[in-house]
Each structure stands twice: as structure tokens, then as C-alpha cells.
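Shown here: start.cif, mmCIF, C-alpha atoms.
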data_work
#
loop_
_atom_site.label_atom_id
_atom_site.label_comp_id
_atom_site.auth_asym_id
_atom_site.auth_seq_id
_atom_site.Cartn_x
_atom_site.Cartn_y
_atom_site.Cartn_z
CA MET A 1 -113.77 196.75 12.38
CA SER A 2 -115.92 198.04 15.20
CA ARG A 3 -116.09 201.83 15.70
CA THR A 4 -114.72 203.12 18.98
CA THR A 5 -117.32 204.89 21.12
CA TYR A 6 -116.00 207.64 23.38
CA PRO A 7 -117.65 208.75 26.62
CA ARG A 8 -119.97 211.76 26.30
CA SER A 9 -117.54 214.05 28.15
CA ASN A 10 -114.72 213.16 25.76
CA ARG A 11 -116.97 213.70 22.73
CA LEU A 12 -117.86 217.18 24.00
CA LEU A 13 -114.20 218.03 24.54
CA THR A 14 -113.34 216.77 21.06
CA THR A 15 -116.18 218.80 19.52
CA HIS A 16 -115.03 221.89 21.42
CA HIS A 17 -111.46 221.41 20.23
CA ARG A 18 -112.55 221.02 16.61
CA ALA A 19 -114.89 224.01 16.75
CA VAL A 20 -112.15 226.23 18.13
CA GLN A 21 -109.86 225.07 15.33
CA TRP A 22 -112.18 226.08 12.47
CA ILE A 23 -113.31 229.37 14.04
CA SER A 24 -109.74 230.31 14.93
CA TRP A 25 -108.67 229.63 11.35
CA PHE A 26 -111.53 231.75 10.02
CA LEU A 27 -110.85 234.66 12.39
CA SER A 28 -107.11 234.60 11.66
CA SER A 29 -107.65 234.84 7.89
CA LYS A 30 -106.80 238.20 6.35
CA GLY A 31 -109.88 240.36 5.86
CA ASN A 32 -111.83 238.82 8.75
CA GLU A 33 -110.51 241.15 11.46
CA TYR A 34 -113.96 242.71 11.99
CA PHE A 35 -115.45 239.41 13.19
CA CYS A 36 -115.44 238.26 16.79
CA GLU A 37 -115.51 234.69 18.02
CA VAL A 38 -118.98 233.18 18.34
CA GLU A 39 -119.00 230.86 21.34
CA GLU A 40 -119.51 227.18 20.66
CA ASP A 41 -122.53 226.71 22.92
CA TYR A 42 -124.35 229.45 21.01
CA ILE A 43 -123.72 227.70 17.69
CA LEU A 44 -124.74 224.30 19.01
CA ASP A 45 -128.05 225.64 20.35
CA ARG A 46 -130.32 225.06 17.36
CA PHE A 47 -132.82 227.63 18.65
CA ASN A 48 -130.29 230.36 17.86
CA LEU A 49 -130.09 229.14 14.26
CA THR A 50 -133.82 229.16 13.60
CA GLY A 51 -134.59 229.97 9.96
CA LEU A 52 -131.00 229.86 8.73
CA ASN A 53 -131.51 226.47 7.10
CA THR A 54 -133.69 228.18 4.47
CA GLU A 55 -131.07 230.83 3.71
CA VAL A 56 -127.95 228.67 3.42
CA GLN A 57 -127.41 225.92 0.89
CA ASN A 58 -125.88 222.70 2.19
CA TYR A 59 -126.88 223.89 5.66
CA SER A 60 -126.19 220.66 7.55
CA GLN A 61 -122.80 220.14 5.94
CA ALA A 62 -121.86 223.79 6.46
CA LEU A 63 -122.77 223.58 10.15
CA ASP A 64 -120.75 220.40 10.51
CA LEU A 65 -117.80 222.11 8.86
CA ILE A 66 -118.02 225.09 11.23
CA THR A 67 -117.99 222.75 14.23
CA ASP A 68 -115.36 220.60 12.47
CA SER A 69 -117.55 217.53 12.74
CA LEU A 70 -117.84 216.93 8.98
CA GLU A 71 -116.76 213.32 8.56
CA GLU A 72 -117.75 212.83 4.93
CA ASP A 73 -115.06 212.65 2.27
CA LEU A 74 -116.36 215.23 -0.19
CA GLU A 75 -115.16 215.86 -3.70
CA GLU A 76 -113.06 218.97 -4.11
CA GLU A 77 -115.75 220.88 -6.02
CA ILE A 78 -118.47 220.02 -3.51
CA ARG A 79 -116.21 220.82 -0.58
CA GLY A 80 -115.55 224.26 -2.10
CA THR A 81 -119.29 224.89 -2.25
CA VAL A 82 -119.72 223.74 1.36
CA GLU A 83 -116.88 226.06 2.40
CA ILE A 84 -118.67 229.06 0.85
CA SER A 85 -121.89 228.03 2.60
CA ALA A 86 -120.01 227.70 5.90
CA ARG A 87 -118.68 231.25 5.61
CA LEU A 88 -122.20 232.53 4.90
CA LEU A 89 -123.66 230.55 7.79
CA TYR A 90 -121.04 231.77 10.24
CA GLY A 91 -121.64 235.35 9.10
CA LEU A 92 -125.39 235.10 9.67
CA ILE A 93 -124.84 233.47 13.07
CA HIS A 94 -122.40 236.29 13.83
CA GLN A 95 -125.10 238.87 13.04
CA ARG A 96 -127.31 237.35 15.74
CA TRP A 97 -124.51 236.74 18.22
CA ILE A 98 -123.20 240.32 18.38
CA VAL A 99 -126.51 241.70 19.64
CA THR A 100 -126.50 239.32 22.63
CA SER A 101 -124.95 240.41 25.92
CA ARG A 102 -121.87 238.20 25.49
CA GLY A 103 -121.47 239.18 21.86
CA LEU A 104 -121.73 242.88 22.66
CA ALA A 105 -119.05 242.48 25.32
CA LYS A 106 -116.69 240.93 22.78
CA MET A 107 -117.35 243.72 20.30
CA LEU A 108 -116.75 246.28 23.06
CA GLU A 109 -113.23 244.94 23.46
CA LYS A 110 -112.59 245.35 19.74
CA TYR A 111 -114.15 248.84 19.74
CA LYS A 112 -111.88 249.99 22.55
CA LYS A 113 -108.88 248.85 20.53
CA ALA A 114 -110.25 250.60 17.40
CA ASP A 115 -110.13 247.32 15.47
CA PHE A 116 -112.74 248.69 13.08
CA GLY A 117 -110.75 251.80 12.26
CA ARG A 118 -111.19 255.49 13.05
CA CYS A 119 -113.38 258.18 11.54
CA PRO A 120 -111.63 260.00 8.65
CA ARG A 121 -113.49 263.23 9.45
CA VAL A 122 -111.06 265.76 10.91
CA LEU A 123 -113.47 267.16 13.51
CA CYS A 124 -114.21 263.68 14.87
CA HIS A 125 -110.65 263.52 16.24
CA SER A 126 -109.95 259.86 15.32
CA GLN A 127 -113.20 258.58 16.82
CA PRO A 128 -113.34 254.73 16.73
CA LEU A 129 -115.91 253.31 14.33
CA LEU A 130 -118.45 250.49 14.52
CA PRO A 131 -119.34 248.07 11.69
CA CYS A 132 -122.84 248.41 10.32
CA GLY A 133 -124.89 246.75 7.62
CA LEU A 134 -127.32 248.67 5.44
CA THR A 135 -129.54 245.59 5.31
CA ASP A 136 -129.97 242.35 7.22
CA LEU A 137 -130.17 240.27 4.04
CA PRO A 138 -127.02 238.75 2.55
CA TYR A 139 -125.59 239.53 -0.89
CA GLU A 140 -127.09 243.01 -1.05
CA LYS A 141 -124.76 245.63 0.49
CA PRO A 142 -121.17 245.53 1.82
CA VAL A 143 -120.36 246.49 5.39
CA LYS A 144 -120.03 250.17 6.29
CA LEU A 145 -118.51 251.87 9.32
CA TYR A 146 -120.65 254.04 11.61
CA CYS A 147 -119.17 256.96 13.52
CA PRO A 148 -120.97 257.64 16.83
CA ARG A 149 -119.66 261.23 16.88
CA CYS A 150 -120.77 262.56 13.48
CA GLU A 151 -123.41 259.82 13.07
CA ASP A 152 -122.44 259.15 9.48
CA LEU A 153 -121.29 256.12 7.49
CA TYR A 154 -117.95 255.46 5.82
CA SER A 155 -116.52 252.74 3.63
CA PRO A 156 -113.63 250.67 4.99
CA LYS A 157 -110.18 251.69 3.75
CA SER A 158 -109.09 248.14 2.98
CA SER A 159 -110.59 246.40 -0.04
CA ARG A 160 -110.59 243.17 1.97
CA HIS A 161 -112.85 244.72 4.58
CA GLY A 162 -114.88 246.55 1.96
CA SER A 163 -115.92 243.25 0.42
CA ILE A 164 -117.40 241.86 3.66
CA ASP A 165 -121.16 241.38 3.46
CA GLY A 166 -122.97 243.93 5.62
CA ALA A 167 -125.51 241.29 6.65
CA TYR A 168 -122.81 239.67 8.81
CA PHE A 169 -123.18 242.63 11.19
CA GLY A 170 -126.72 243.78 10.46
CA SER A 171 -128.36 247.18 10.67
CA THR A 172 -129.12 246.84 14.41
CA PHE A 173 -125.69 246.28 15.93
CA PRO A 174 -124.09 249.75 16.29
CA HIS A 175 -127.23 251.33 17.73
CA MET A 176 -127.91 248.43 20.11
CA PHE A 177 -124.26 248.68 21.16
CA LEU A 178 -124.60 252.37 22.08
CA MET A 179 -127.86 251.75 23.93
CA VAL A 180 -126.28 248.99 26.04
CA TYR A 181 -123.10 251.02 26.62
CA PRO A 182 -124.30 254.66 26.75
CA HIS A 183 -121.02 255.71 28.39
CA MET A 184 -119.32 254.91 25.07
CA ILE A 185 -121.30 257.59 23.24
CA PRO A 186 -118.77 260.35 22.47
CA SER A 187 -119.44 263.99 23.21
CA LYS A 188 -120.45 266.07 20.21
CA VAL A 189 -118.33 268.95 21.53
CA SER A 190 -114.82 268.88 20.15
CA PRO A 191 -111.84 269.62 22.42
CA GLU A 192 -111.21 272.92 20.57
CA THR A 193 -114.65 274.27 21.44
CA GLY A 194 -114.65 273.30 25.10
CA PRO A 195 -114.49 275.80 27.99
CA SER A 196 -110.71 275.43 28.20
CA ALA A 197 -110.15 276.29 24.56
CA GLY A 198 -108.13 279.40 23.85
CA SER A 199 -107.68 281.28 20.61
CA GLY A 200 -107.91 278.07 18.61
CA THR A 201 -111.74 277.83 18.75
CA LEU A 202 -113.58 276.91 15.60
CA ALA A 203 -115.22 279.63 13.54
CA PRO A 204 -119.02 279.78 13.64
CA ALA A 205 -121.00 278.64 10.64
CA VAL A 206 -121.50 281.13 7.83
CA PRO A 207 -125.05 282.58 7.88
CA SER A 208 -127.37 282.00 4.96
CA THR A 209 -127.33 285.68 3.99
CA ILE A 210 -124.18 287.82 3.84
CA SER A 211 -124.34 291.62 3.94
CA PRO A 212 -121.46 293.92 3.00
CA SER A 213 -119.68 295.62 5.84
CA GLY A 214 -117.11 298.37 6.29
CA PRO A 215 -116.73 301.24 3.75
CA LEU A 216 -118.93 299.55 1.16
CA ALA A 217 -121.84 299.29 3.55
CA ASN A 218 -121.43 302.91 4.74
CA ALA A 219 -121.30 304.25 1.17
CA THR A 220 -124.36 302.28 0.19
CA GLN A 221 -126.35 303.50 3.18
CA ARG A 222 -125.39 307.16 2.50
CA ARG A 223 -126.85 306.83 -1.01
CA GLY A 224 -130.09 305.54 0.50
CA GLU A 225 -129.82 302.24 -1.33
CA ASP A 226 -130.77 298.91 0.10
CA ILE A 227 -127.85 296.77 1.12
CA PRO A 228 -127.77 293.83 -1.31
CA LYS A 229 -127.90 290.39 0.17
CA ARG A 230 -126.19 287.37 -1.32
CA ASP A 231 -127.61 283.90 -0.80
CA SER A 232 -124.73 281.71 0.31
CA ALA A 233 -126.71 278.56 -0.50
CA VAL A 234 -126.46 279.15 -4.23
CA GLY A 235 -123.55 277.38 -5.83
CA ALA A 236 -122.04 277.42 -9.29
CA GLY A 237 -124.51 277.80 -12.13
CA ASN A 238 -127.21 279.10 -9.78
CA VAL A 239 -127.79 275.61 -8.43
CA SER A 240 -129.00 275.68 -4.83
CA THR A 241 -126.67 273.53 -2.77
CA ALA A 242 -129.19 273.62 0.08
CA ALA A 243 -131.83 272.07 -2.16
CA ALA A 244 -129.33 269.44 -3.31
CA ALA A 245 -128.48 268.59 0.29
CA ALA A 246 -132.17 268.27 1.16
CA LYS A 247 -132.62 265.70 -1.60
CA ALA A 248 -129.48 263.74 -0.67
CA GLU A 249 -129.91 260.23 0.65
CA ARG A 250 -129.71 260.17 4.44
CA TYR A 251 -128.83 257.30 6.72
CA MET A 252 -131.56 256.31 9.18
CA PRO A 253 -130.41 254.26 12.21
CA LYS A 254 -132.76 251.38 12.99
CA ILE A 255 -133.00 248.60 15.56
CA PHE A 256 -134.74 245.47 14.26
CA GLY A 257 -136.20 247.60 11.48
CA PHE A 258 -137.68 250.28 13.78
CA LYS A 259 -136.45 253.87 13.75
CA ILE A 260 -134.78 255.09 16.91
CA HIS A 261 -137.17 257.59 18.49
CA GLU A 262 -134.84 260.47 19.39
CA ILE A 263 -132.90 260.35 16.13
CA ALA A 264 -136.09 260.01 14.09
CA LYS A 265 -137.56 263.03 15.90
CA TRP A 266 -134.53 265.19 15.11
CA GLN A 267 -134.48 264.08 11.47
CA ARG A 268 -138.18 264.95 11.11
CA TRP A 269 -137.40 268.40 12.51
CA GLN A 270 -134.45 268.80 10.14
CA GLY A 271 -136.61 267.74 7.20
CA ALA A 272 -139.33 270.22 8.17
CA VAL A 273 -136.79 273.08 8.37
CA ARG A 274 -135.38 272.21 4.98
CA ASP A 275 -138.85 272.13 3.40
CA ARG A 276 -139.70 275.68 4.51
#
Mind turning this structure into C-alpha cells?
Amino acid sequence: MSRTTYPRSNRLLTTHHRAVQWISWFLSSKGNEYFCEVEEDYILDRFNLTGLNTEVQNYSQALDLITDSLEEDLEEEIRGTVEISARLLYGLIHQRWIVTSRGLAKMLEKYKKADFGRCPRVLCHSQPLLPCGLTDLPYEKPVKLYCPRCEDLYSPKSSRHGSIDGAYFGSTFPHMFLMVYPHMIPSKVSPETGPSAGSGTLAPAVPSTISPSGPLANATQRRGEDIPKRDSAVGAGNVSTAAAAAKAERYMPKIFGFKIHEIAKWQRWQGAVRDR
């Protein structure tokens, strides 16, 4: 039986229909709400996939499965392996896609709807979060959520989201996103501390040394004694909490592996102050 040959335009439409089917199924699966749709023309441009064939097993079959052009009748066990490879391949393509102009625009829509959740920190006032990977390599670290207001990382609430590989978003995305859309950077000033705030303003930070005041201070001064000072940085068991904080692991935002200048400058200054 001779095989029917369709015109090129029909083949393209068929490929587009199949690609939309697989990607739509993947995006609609529970736990994949953080992902956005990678456009078909980006996937079909082999230049955008450079190097991925060395990172994904069964690369050709996985790519065919993503575009729904896999025509081979595979055994169930082999097809399961190809399915896992297809998920990995789509995730790595997604990492590259979301730092393009069209990919950033799609992620902006999800960010505005707070699809990635909101910051659990009280003083961030439900600030929407951005997904972030701690590494660009797969199978190393799960995805985290970056808060642009407090500039810290949080784990997703859902275990489904917490099991997503961080490499599917990469370490560059949230910082590239805020550089492309600077108007989305939230103010560090909370509504309670603004010029219109009344009696509900936040209390200032406690100083590092606390001196007695009131009758105790007056009585001490009349006796000619020095007013004792208590170091507020010392915690239980005479363990310096300031020293512990200085040694704590800190998150360093990077774009393509390079530290962001302004943030790096401030963190160097903070480190120098802590080392005094």
C-alpha cells in the first residue's frame, strides 16, 4: 500500500496540531502549573536546542514525542523511558525559552496572576514570587521561589511543586525578568512605614547595645558607677547570634553565572561590616 503524501502546508498544520496536543497535556497535568507554553517554532529550531542531545537520553525520540511526531510503536517499558526523557527535554528547553523576550512576556502574565504563589513573610504583604533554580544542571536541586521584595528564597508549599527540578527554570530567570521589567520591582518600603502611615508604624530595630533607663539609670549614675551595657547579639548559652548569621549560607543572584553588580556590591559591604 502506497503511503499518502500530504502537501507541505498540511504537514505543518498537522505538526502544529500534534505539538499543541502534547504540550497542552503536559501543562494541564497537576504539578506543572509553574511552566509556560514553549512555542512550537522555538522547539523546531534546532539552533535553540544546541547541546541538549548530550544531556538527554533518547533525545530524538523524546523530541518526536514532544512534537507528537513519534510514529514508532514502542514497547511499554521503552515508551516509559522516552516519556521521562521528553519531560526532561521540555524542561531544559523551557529554561532557555523563559529568558527570551516572548518567554519573559508569558511568565509576566503568570507573575501578575501570582501563579507561583506569594511570599510567606508578613512584611512582604503577599508579594508575588518568581521561580528560581539554584543551579542550571538537572537532577541537583529542586525549584525555589524568589521574592523580589525581601530578596530571599522559599520552598513551594505544594509537594508537587517542590519536586520540580530547579534546572527547568535556571538561576538566571528571576533576575533577567526584573531587569527586563524594572517597573515590576516592588518598593522596599512597606505601606505601614510610608508618609501616610499613622500610629501603626513599625518599631525601629533594636540597637546592638542596650543601656538601662529611668530610675535604675539615675541611681547608678548617682553612685558614680558605669552604666552596664548588654550585648543584644548574644543568645542563649553565650552564643553570638550575629556571628552565626554571618556564617549562614546566603543566596547570591546571578545571570548566566555572573554576579549582579549592584547586589554583589551591597553584599560585599554587608560582609565587610559583619567582619569588623
### Among listed residues A:Glu140, A:Asp68, A:Glu55, A:Asp45, nearest Trp25 of chain A (using all atoms listed in the file)
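Closest to Trp25 of chain A of all the choices is A:Asp68.
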### Query
Quick one: of A:Gln61, A:Thr81, A:Ser187, A:Asn32, who's nearest to Val143 of chain A, counting all atoms listed in the file?
A:Asn32
### Message
I need every residue sitting at most 12 Å from the point (-111.7, 233.2, 4.2) (coordinates as in the file, only C-alpha atoms considered), written as number ranges by chain.
### Response
A: 22-33, 35, 80, 83-88, 90-91, 160-161, 163-164
### Task
Using atom CA of Ser171 of chain A and atom CA of Gly133 of chain A as the two end points, give the distance in Å to one decimal.
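Taking atom CA of Ser171 of chain A as the start and atom CA of Gly133 of chain A as the end point, the length is 4.6 Å.
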### Message
Taking only C-alpha atoms into account, name the residue in A:Leu63, A:Cys36, A:Cys119, A:Leu153 that is nearest to Arg102 of chain A.
### Response
A:Cys36
#### Entry: d(atom CA of Lys144 of chain A, atom CA of Gly162 of chain A) in Å
7.6 Å
Give, as AutoDock Vina command-line options, the centre coordinates and the x, y and z edge lengths in Å to one decimal for an axis-aligned box around all listed atoms of segment 148-167 of chain A, padded by 6 Å on each side.
--center_x -117.3 --center_y 251.9 --center_z 8.4 --size_x 28.4 --size_y 33.3 --size_z 28.9
### Task
Could you state which residues are captured by the PyMOL selection byres ((chain A and resi 52) around 12) in this file, as a PyMOL selection string?
chain A and resi 43+46-51+53-60+62-63+85-86+88-96+137-138
### Pairwise distance for atom CA of Ile263 of chain A and atom CA of Pro186 of chain A, rounded to one decimal in Å
15.5 Å
### Message
Can you translate the PyMOL selection byres ((chain A and resi 184) around 12) into the concrete residues it hits in this file, as an MDAnalysis selection string?
### Response
chainID A and resid 108:109 111:112 127:130 147:149 174:183 185:187
### Message
Could you check the closest approach to Cys150 of chain A for each of A:Gly103, A:Gly257, A:Pro120, A:Gly271 and tell me which residue wins, using all atoms listed in the file?
### Response
A:Pro120
